[in-house]
Structures are given as C-alpha cells and as structure tokens.
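Engineer: Below you'll find the structure I mean.
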Amino acid sequence: MLDYLIVGSGLAGMALTETLRREGCSLRVYDDASQQASRVAGGLYNPVVLKRFTLAWEGSRLMAFSLPFYQQLEREWAISIDKKKPVFRRLASAEEQNAWFEAADRPGLSEFLEPGIVRNENPALEAPYGFGRVNNTGRIATSTLLNAFSEQLRKQGLLDTAAFDHASLAFEDGHVRYGDLTARRVVFCEGFGMMGNPFFNYLPLQGTKGELLTIRAPELREDRIVKSGAFFIPLGHDRYRVGATYAWNDYTQAPTREAREALLGQLRKFVRCDFEVEGQVAGIRPTVPDRRPLVGRHPEHPELFVLNGLGSRGVLIAPYAAYCLARFMQGGHSLPPEMDVTRYRSHFGKEGRGLAGNR
Ligand SMILES: Cc1cc2nc3c(=O)[nH]c(=O)nc-3n(C[C@H](O)[C@H](O)[C@H](O)COP(=O)(O)OP(=O)(O)OC[C@H]3O[C@@H](n4cnc5c(N)ncnc54)[C@H](O)[C@@H]3O)c2cc1C
C-alpha cells in the first residue's frame, strides 16, 4: 500500500511531494496538465505588498522558510531556478515618496525596504519621482523547476498523466482504492481544478485569471525587476516578462486581446523604448475570499486532504503550507488556524457540496 496519492503537480503538489519524499513516504502523482498557473507564473518572490507598502501575510517567515527549500532542490537536481534580483518600485508622486520613507522606517519592513529614493538613470524609463528599492527579492523559474520535478517523477515511474477521476475513488477500511492501487491518503493539489472535485468543491475557491507577455526590448537594458502599474522581470537576452492582469469573470486559460492591450498600455506609461511582443500566456490563480491558503482534512473522509488557495503568492506560500500539512498528516501537529479549512466548515454540505463518496 502506498502512503499517498497526490493529485496535481503544480507548485502545491511539487512542494508537498518533495516534503513527503524527504520523510521517506511512498507516493504516486497524477497530473493531466488541465491547469497551468504554476507553469506560466512570473515566479516573483517578494514579501512586500507594493501597492500599499505593507508586509504581505507571513512575509518574513515565508521568505526564511521557502527560499532554502528551493535552494535545496537546486542542489539535488542540479538546476538553477532562484534568480535573485531587487525589485524597484516606481514611485508615481511626491506623496508616494513620503509613503515610502514612512514605510521603510516601520518594524518588519525596514528589513526589506531601502530607506532612500533611487534616482532613475535609465533613459529608456520614465520615472521622475525615482524608485523605492526592495531587497532580498527575486524570481523562481517555475517552469524549469516543474520540468525537473516531472522528469524526476517520470524516471522513477511515479507520474501518471491521466486525469484523476474522483468518482473512481473507493473507501475501504481506513484507506482508499483507486484502480489497482491502494493508499492511506489522497491529497488534492488541483489549483483552480478543485472546482471539479466533488469532495472539496464546498470550499470557496474563486479563481482569478492572470496573463503575462514576453517582450524583446534591446534598448531597455535593465537587470532589475521594475514595478509600476505593471511589472517587468528581466529574463536575459533582451527579453522581459511583463505582467500581470487580474480578471474575475473568465475561467478559460486562453490569452486575450484585452489583457494584451491593458499590459501594453501600462508598460507604455513608463517604458520609452521600442519593444516587440514575442509571447503571451494565461492561467487561473487559485484565490480565496480571505486570501489565505486552503489546507487540511475533509470533514467526513479522514483519508482525504487538500492543499490549495495559494492565490497570487504560490512561490512563497507553497513550501511552507506543504510543510504544515505534512506535519499535520504525519505527526498530528495542528495546522495554523489561518490556513486550516475548518474555518469553512459551515460551507460543507450546502447544496450537497463536498458530500461525494458518502454512502
Ligand atoms: C499570470 C500569473 C502570474 C503569476 N505570477 C506569480 C508570481 O510572480 N509569484 C507567485 O508567487 N505567484 C504567481 N502566480 C500565482 C501562482 O501561479 C499560483 O499561486 C500557483 O501556481 C498555484 O499553484 P497550484 O499548484 O495550487 O495550482 P496549479 O498551478 O493550477 O496546479 C494544479 C495542478 O493540478 C493539476 N490537476 C488539476 N485537476 C486535476 C485532475 N483531476 N487530475 C489530474 N491533475 C489535475 C493541473 O493540471 C495542475 O498541474 C501567478 C499566477 C498567474 C496565473
């Protein structure tokens, strides 16, 4: 009997699989490539909310926990994924400059925000009020990471690329049967695909579509991540990733003309040089109304667990949330209440949701 079946191999499924494998657990992973948030993500890690100059939820803790997790994978798999780069927040007015000074003085933030204003010296950028510099930030190359992860699983025969069929899951005396496999537990890490999961669709996952462009801009000559209305992230060889949009009424993963125009409009407000668009991608962020992860056990099937709701910060949250869930499942430690799905217990059973598998 296997210890775990894991459904989904995005950032959530990858982080959980690696955490459990380090503990010697046996498992099998299912992924049908039906969602792609993790693969298309900008991959930015940054503990600061750049709109309001506040610390994001658990900002310092997530940075301290999650970056070493990725660095360990770099060593184990001989890949380079952690691209450290400062974020330069373009300041739009004298008021924003003052707000920056104030924020940089606050406890918790002073660790990340440089107190001074950096003058713009790049003729390809329009930034009369300069920039605020955020330190210790960067980008995780998520698609390189997930390709390496799939490759590892494939080599060991642990990856199944078929869609996981929830209706075929049978419950037997404290474990589950799925096809010809038996396992002690199943963990669903399906991203927005959780909407089709009859066990966990009682949880309030919203889904926020995001789109990104790749541009080629030889005259931009920037090595910093620059954030204004949109951000751009240098990828090397004159290429930059530009993003991201937020849309709440479209759950397709197809790129749209509206998003492209919106991003180009934002970019032209502060980038003066010519550029050409080379690509566009889209994905659905698994967002939650209270902006906290969805982690924990099914109310009536103790063999079933969920790891979801990573929202727009999957890179930093996934390793920590996976660690908390693994400790909960393996060692009986309690989950941080903010991420524990029991906070949505009252949603269970409404309109029949979440009741699949009940006899
Ligand atoms: C445009 C965009 C930009 C972003 N930029 C950033 C960023 O810069 N920094 C950051 O931290 N976050 C960013 N995010 C958010 C980040 O991508 C998400 O938080 C994260 O990827 C969610 O990971 P996940 O594993 O929960 O979901 P997903 O990546 O959606 O993975 C779920 C996986 O489950 C599989 N699956 C689902 N159902 C089934 C089934 N029934 N059977 C088999 N497999 C199944 C899917 O194929 C998929 O591979 C961005 C998101 C988008 C869309």
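Following the order of the structure tokens, chains are lettered A, B, ..., residues in each are numbered from 1, and ligands are numbered from 1.
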Please list as number ranges by chain every residue within 6 Å of Tyr45 of chain A, counting only C-alpha atoms and excluding residues in the same chain fewer than 2 positions away.
Structural biologist: A: 137-139
Engineer: Compile the contact shell of Tyr251 of chain A as number ranges by chain: residues with an atom at most 9 Å away, counting only C-alpha atoms, same-chain residues fewer than 5 positions apart removed.
Structural biologist: A: 207-209, 283-284
Engineer: To one decimal place, how far is atom CA of Leu67 of chain A from atom CA of Glu18 of chain A in Å?
Structural biologist: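 Value for the atom CA of Leu67 of chain A-atom CA of Glu18 of chain A distance: 14.3 Å.
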Engineer: Name the residues in contact with Tyr320 of chain A at a cut-off of 7 Å, using only C-alpha atoms, excluding same-chain residues fewer than 6 positions from it; report them as a compact mmCIF listing (two decimals) with N, CA and C atoms, in the first residue's frame.
Structural biologist:
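Resulting contents of selection-v2.txt:
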# COMPACT_ATOMS: atom_id res chain seq x y z
N LEU A 62 7.76 33.38 5.51
CA LEU A 62 7.73 32.63 4.25
C LEU A 62 9.07 32.75 3.51
N PHE A 65 11.59 30.51 5.21
CA PHE A 65 11.33 29.08 5.09
C PHE A 65 11.46 28.60 3.64
N SER A 66 10.86 29.37 2.71
CA SER A 66 10.68 28.83 1.37
C SER A 66 11.93 28.93 0.49
Engineer: Need the shell around Gly132 of chain A: protein/DNA/RNA residues with any atom at most 8 Å away, counting only C-alpha atoms. Skip same-chain ones fewer than 3 positions apart. Format as a list in words?
Structural biologist: Phe88, Arg89, Arg90, Leu91, Trp100, Leu113, Glu114, Pro115, Gly116, Ile117 and Val118 of chain A
Engineer: Within segment 182-269 of chain A, find each residue whose DSSP state, derived from the backbone, is alpha helix (DSSP H), and express the selection as a list in words.
Structural biologist: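 Those in segment 182-269 of chain A that DSSP calls alpha helix (DSSP H) are Arg257, Glu258, Ala259, Arg260, Glu261, Ala262, Leu263, Leu264, Gly265, Gln266, Leu267 and Arg268 of chain A.
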Engineer: For the residues in that selection, give me N, CA and C atoms as a tab-separated table (two decimals), in the first residue's frame.
Structural biologist:
chain	number	residue	atom	x	y	z
A	257	ARG	N	-7.01	39.45	-26.19
A	257	ARG	CA	-6.54	40.73	-26.75
A	257	ARG	C	-6.66	41.84	-25.70
A	258	GLU	N	-7.73	41.79	-24.87
A	258	GLU	CA	-7.94	42.82	-23.85
A	258	GLU	C	-6.76	42.87	-22.88
A	259	ALA	N	-6.32	41.70	-22.44
A	259	ALA	CA	-5.20	41.67	-21.47
A	259	ALA	C	-3.93	42.20	-22.12
A	260	ARG	N	-3.72	41.82	-23.36
A	260	ARG	CA	-2.52	42.29	-24.07
A	260	ARG	C	-2.53	43.81	-24.16
A	261	GLU	N	-3.68	44.36	-24.55
A	261	GLU	CA	-3.77	45.83	-24.68
A	261	GLU	C	-3.59	46.50	-23.32
A	262	ALA	N	-4.18	45.91	-22.28
A	262	ALA	CA	-4.05	46.51	-20.94
A	262	ALA	C	-2.59	46.53	-20.49
A	263	LEU	N	-1.89	45.42	-20.70
A	263	LEU	CA	-0.49	45.36	-20.28
A	263	LEU	C	0.38	46.31	-21.10
A	264	LEU	N	0.11	46.38	-22.40
A	264	LEU	CA	0.90	47.29	-23.24
A	264	LEU	C	0.65	48.74	-22.83
A	265	GLY	N	-0.62	49.05	-22.50
A	265	GLY	CA	-0.96	50.41	-22.05
A	265	GLY	C	-0.19	50.77	-20.78
A	266	GLN	N	-0.14	49.84	-19.83
A	266	GLN	CA	0.59	50.07	-18.58
A	266	GLN	C	2.08	50.26	-18.84
A	267	LEU	N	2.60	49.42	-19.72
A	267	LEU	CA	4.04	49.44	-19.99
A	267	LEU	C	4.45	50.76	-20.66
A	268	ARG	N	3.61	51.22	-21.57
A	268	ARG	CA	3.97	52.44	-22.32
A	268	ARG	C	3.95	53.68	-21.43
Engineer: Find the residues near ligand 1. Use a cut-off of 6 Å, count only C-alpha atoms and all ligand atoms, and write them as an mmCIF file with N, CA and C atoms, in the first residue's frame.
Structural biologist:
data_model
loop_
_atom_site.group_PDB
_atom_site.id
_atom_site.type_symbol
_atom_site.label_atom_id
_atom_site.label_comp_id
_atom_site.auth_asym_id
_atom_site.auth_seq_id
_atom_site.Cartn_x
_atom_site.Cartn_y
_atom_site.Cartn_z
ATOM 1 N N VAL A 7 -2.735 14.509 -6.152
ATOM 2 C CA VAL A 7 -3.371 14.937 -7.403
ATOM 3 C C VAL A 7 -2.955 16.374 -7.675
ATOM 4 N N GLY A 8 -2.168 16.561 -8.750
ATOM 5 C CA GLY A 8 -1.672 17.890 -9.120
ATOM 6 C C GLY A 8 -0.179 17.994 -8.894
ATOM 7 N N SER A 9 0.515 18.510 -9.901
ATOM 8 C CA SER A 9 1.973 18.677 -9.761
ATOM 9 C C SER A 9 2.377 20.100 -10.098
ATOM 10 N N GLY A 10 1.525 21.073 -9.706
ATOM 11 C CA GLY A 10 1.941 22.470 -9.773
ATOM 12 C C GLY A 10 2.812 22.771 -8.553
ATOM 13 N N LEU A 11 2.919 24.037 -8.194
ATOM 14 C CA LEU A 11 3.775 24.393 -7.053
ATOM 15 C C LEU A 11 3.327 23.686 -5.779
ATOM 16 N N ALA A 12 1.993 23.588 -5.577
ATOM 17 C CA ALA A 12 1.492 22.952 -4.362
ATOM 18 C C ALA A 12 1.856 21.466 -4.347
ATOM 19 N N GLY A 13 1.522 20.753 -5.417
ATOM 20 C CA GLY A 13 1.796 19.309 -5.483
ATOM 21 C C GLY A 13 3.289 19.016 -5.429
ATOM 22 N N TYR A 30 -0.507 12.403 -9.829
ATOM 23 C CA TYR A 30 -1.359 12.469 -11.028
ATOM 24 C C TYR A 30 -1.373 13.908 -11.528
ATOM 25 N N ASP A 31 -1.168 14.101 -12.803
ATOM 26 C CA ASP A 31 -1.351 15.450 -13.359
ATOM 27 C C ASP A 31 -1.704 15.350 -14.841
ATOM 28 N N ASP A 32 -2.838 15.939 -15.201
ATOM 29 C CA ASP A 32 -3.321 15.863 -16.585
ATOM 30 C C ASP A 32 -3.091 17.173 -17.340
ATOM 31 N N ALA A 33 -2.312 18.089 -16.767
ATOM 32 C CA ALA A 33 -1.981 19.378 -17.407
ATOM 33 C C ALA A 33 -3.224 20.219 -17.695
ATOM 34 N N SER A 34 -4.274 20.052 -16.905
ATOM 35 C CA SER A 34 -5.501 20.817 -17.165
ATOM 36 C C SER A 34 -5.425 22.240 -16.611
ATOM 37 N N GLN A 35 -4.512 22.500 -15.673
ATOM 38 C CA GLN A 35 -4.296 23.860 -15.154
ATOM 39 C C GLN A 35 -2.832 24.219 -15.365
ATOM 40 N N GLN A 36 -2.570 25.530 -15.448
ATOM 41 C CA GLN A 36 -1.182 25.896 -15.750
ATOM 42 C C GLN A 36 -0.674 27.119 -14.995
ATOM 43 N N ALA A 37 -1.349 27.492 -13.895
ATOM 44 C CA ALA A 37 -0.915 28.697 -13.166
ATOM 45 C C ALA A 37 0.570 28.625 -12.812
ATOM 46 N N SER A 38 0.991 27.500 -12.268
ATOM 47 C CA SER A 38 2.373 27.405 -11.788
ATOM 48 C C SER A 38 3.374 27.503 -12.936
ATOM 49 N N VAL A 40 2.989 29.116 -15.869
ATOM 50 C CA VAL A 40 3.069 30.427 -16.536
ATOM 51 C C VAL A 40 3.450 31.543 -15.560
ATOM 52 N N ALA A 41 3.467 31.268 -14.254
ATOM 53 C CA ALA A 41 3.650 32.336 -13.252
ATOM 54 C C ALA A 41 4.914 33.142 -13.500
ATOM 55 N N GLY A 42 4.838 34.430 -13.131
ATOM 56 C CA GLY A 42 6.025 35.276 -13.199
ATOM 57 C C GLY A 42 7.110 34.740 -12.270
ATOM 58 N N GLY A 43 6.700 34.067 -11.213
ATOM 59 C CA GLY A 43 7.666 33.442 -10.308
ATOM 60 C C GLY A 43 8.277 34.398 -9.291
ATOM 61 N N LEU A 44 7.765 35.613 -9.252
ATOM 62 C CA LEU A 44 8.313 36.638 -8.361
ATOM 63 C C LEU A 44 8.152 36.247 -6.896
ATOM 64 N N TYR A 45 9.202 36.414 -6.120
ATOM 65 C CA TYR A 45 9.021 36.321 -4.660
ATOM 66 C C TYR A 45 9.427 37.648 -4.045
ATOM 67 N N ALA A 163 -6.134 12.221 -16.203
ATOM 68 C CA ALA A 163 -6.935 12.992 -15.246
ATOM 69 C C ALA A 163 -7.326 12.082 -14.087
ATOM 70 N N PHE A 164 -7.247 12.599 -12.886
ATOM 71 C CA PHE A 164 -7.693 11.808 -11.732
ATOM 72 C C PHE A 164 -9.214 11.820 -11.733
ATOM 73 N N CYS A 189 -4.155 18.689 -4.823
ATOM 74 C CA CYS A 189 -3.404 19.936 -5.017
ATOM 75 C C CYS A 189 -3.739 20.423 -6.425
ATOM 76 N N GLU A 190 -5.015 20.654 -6.690
ATOM 77 C CA GLU A 190 -5.505 20.809 -8.065
ATOM 78 C C GLU A 190 -5.590 22.241 -8.557
ATOM 79 N N GLY A 191 -5.165 23.205 -7.743
ATOM 80 C CA GLY A 191 -5.327 24.588 -8.166
ATOM 81 C C GLY A 191 -6.785 24.868 -8.452
ATOM 82 N N PHE A 192 -7.048 25.678 -9.480
ATOM 83 C CA PHE A 192 -8.435 26.017 -9.790
ATOM 84 C C PHE A 192 -9.236 24.789 -10.245
ATOM 85 N N GLY A 193 -8.551 23.726 -10.623
ATOM 86 C CA GLY A 193 -9.215 22.468 -10.988
ATOM 87 C C GLY A 193 -10.043 21.901 -9.836
ATOM 88 N N LYS A 209 -8.092 35.013 -13.150
ATOM 89 C CA LYS A 209 -7.270 34.790 -14.341
ATOM 90 C C LYS A 209 -6.156 35.817 -14.415
ATOM 91 N N GLY A 210 -4.977 35.366 -14.794
ATOM 92 C CA GLY A 210 -3.847 36.284 -14.957
ATOM 93 C C GLY A 210 -3.174 36.045 -16.289
ATOM 94 N N GLU A 211 -2.691 37.126 -16.907
ATOM 95 C CA GLU A 211 -1.977 36.986 -18.170
ATOM 96 C C GLU A 211 -0.650 37.734 -18.123
ATOM 97 N N LEU A 212 0.297 37.230 -18.880
ATOM 98 C CA LEU A 212 1.646 37.804 -18.943
ATOM 99 C C LEU A 212 2.104 37.858 -20.385
ATOM 100 N N ALA A 244 1.103 41.698 -14.295
ATOM 101 C CA ALA A 244 0.172 40.645 -14.723
ATOM 102 C C ALA A 244 -1.229 41.226 -14.604
ATOM 103 N N ALA A 282 -1.541 32.631 -20.194
ATOM 104 C CA ALA A 282 -2.605 32.901 -19.216
ATOM 105 C C ALA A 282 -2.777 31.695 -18.313
ATOM 106 N N GLY A 283 -3.249 31.949 -17.108
ATOM 107 C CA GLY A 283 -3.546 30.862 -16.165
ATOM 108 C C GLY A 283 -4.526 31.374 -15.133
ATOM 109 N N ILE A 284 -5.065 30.448 -14.329
ATOM 110 C CA ILE A 284 -6.028 30.847 -13.287
ATOM 111 C C ILE A 284 -5.373 30.699 -11.913
ATOM 112 N N ARG A 285 -5.282 31.791 -11.195
ATOM 113 C CA ARG A 285 -4.757 31.732 -9.816
ATOM 114 C C ARG A 285 -5.849 31.153 -8.901
ATOM 115 N N ASN A 308 -4.389 23.968 -1.244
ATOM 116 C CA ASN A 308 -4.838 24.831 -2.342
ATOM 117 C C ASN A 308 -4.878 26.289 -1.858
ATOM 118 N N LEU A 310 -3.420 29.050 -3.021
ATOM 119 C CA LEU A 310 -2.141 29.777 -2.922
ATOM 120 C C LEU A 310 -2.220 31.177 -3.523
ATOM 121 N N GLY A 311 -3.329 31.473 -4.193
ATOM 122 C CA GLY A 311 -3.569 32.834 -4.664
ATOM 123 C C GLY A 311 -2.488 33.346 -5.594
ATOM 124 N N SER A 312 -2.036 34.569 -5.361
ATOM 125 C CA SER A 312 -1.052 35.172 -6.268
ATOM 126 C C SER A 312 0.355 35.077 -5.685
ATOM 127 N N ARG A 313 0.532 34.274 -4.621
ATOM 128 C CA ARG A 313 1.847 34.183 -3.981
ATOM 129 C C ARG A 313 2.293 32.739 -3.807
ATOM 130 N N GLY A 314 2.001 31.920 -4.798
ATOM 131 C CA GLY A 314 2.287 30.490 -4.674
ATOM 132 C C GLY A 314 3.748 30.178 -4.420
ATOM 133 N N VAL A 315 4.652 30.958 -4.999
ATOM 134 C CA VAL A 315 6.083 30.649 -4.872
ATOM 135 C C VAL A 315 6.494 30.652 -3.401
ATOM 136 N N LEU A 316 6.089 31.669 -2.662
ATOM 137 C CA LEU A 316 6.494 31.751 -1.258
ATOM 138 C C LEU A 316 5.638 30.873 -0.348
#
Engineer: Just give me the gap between atom CA of Ala99 of chain A and atom CA of Cys273 of chain A in Å, one decimal is fine.
Structural biologist: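 Between these atoms lies a distance of 29.1 Å.
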Engineer: As an exercise, work out the distance from atom CA of Glu102 of chain A to atom CA of Asn46 of chain A in Å and give it to one decimal place.
Structural biologist: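 Between atom CA of Glu102 of chain A and atom CA of Asn46 of chain A the gap works out to 19.0 Å.
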Engineer: Please run DSSP on the backbone and report, as a PyMOL selection string, all residues within segment 117-289 of chain A that come out as strand (DSSP E).
Structural biologist: chain A and resi 131-134+138-140+159-160+169-172+175-178+181-188+208-216+225-227+231-236+239-243+276-285
Engineer: Counting only C-alpha atoms, which residues in segment 146-245 of chain A sit no more than 8 Å from segment 76-87 of chain A? For each one, give the nearest pair of atoms and the distance in Å, sorted by chain then residue number, as a Markdown table.
Structural biologist:
| residue | atom | partner | partner_atom | distance |
| --- | --- | --- | --- | --- |
| A:Ala148 | CA | A:Trp77 | CA | 7.2 |
| A:Asp223 | CA | A:Lys85 | CA | 7.7 |
| A:Arg224 | CA | A:Pro86 | CA | 5.9 |
| A:Ile225 | CA | A:Val87 | CA | 4.7 |
| A:Val226 | CA | A:Val87 | CA | 5.8 |
| A:Lys227 | CA | A:Val87 | CA | 7.0 |
Engineer: Counting only C-alpha atoms, what is within 6 Å of Val288 of chain A, bar same-chain residues fewer than 6 positions away, as a ChimeraX atom specification?
Structural biologist: /A:205-206,309
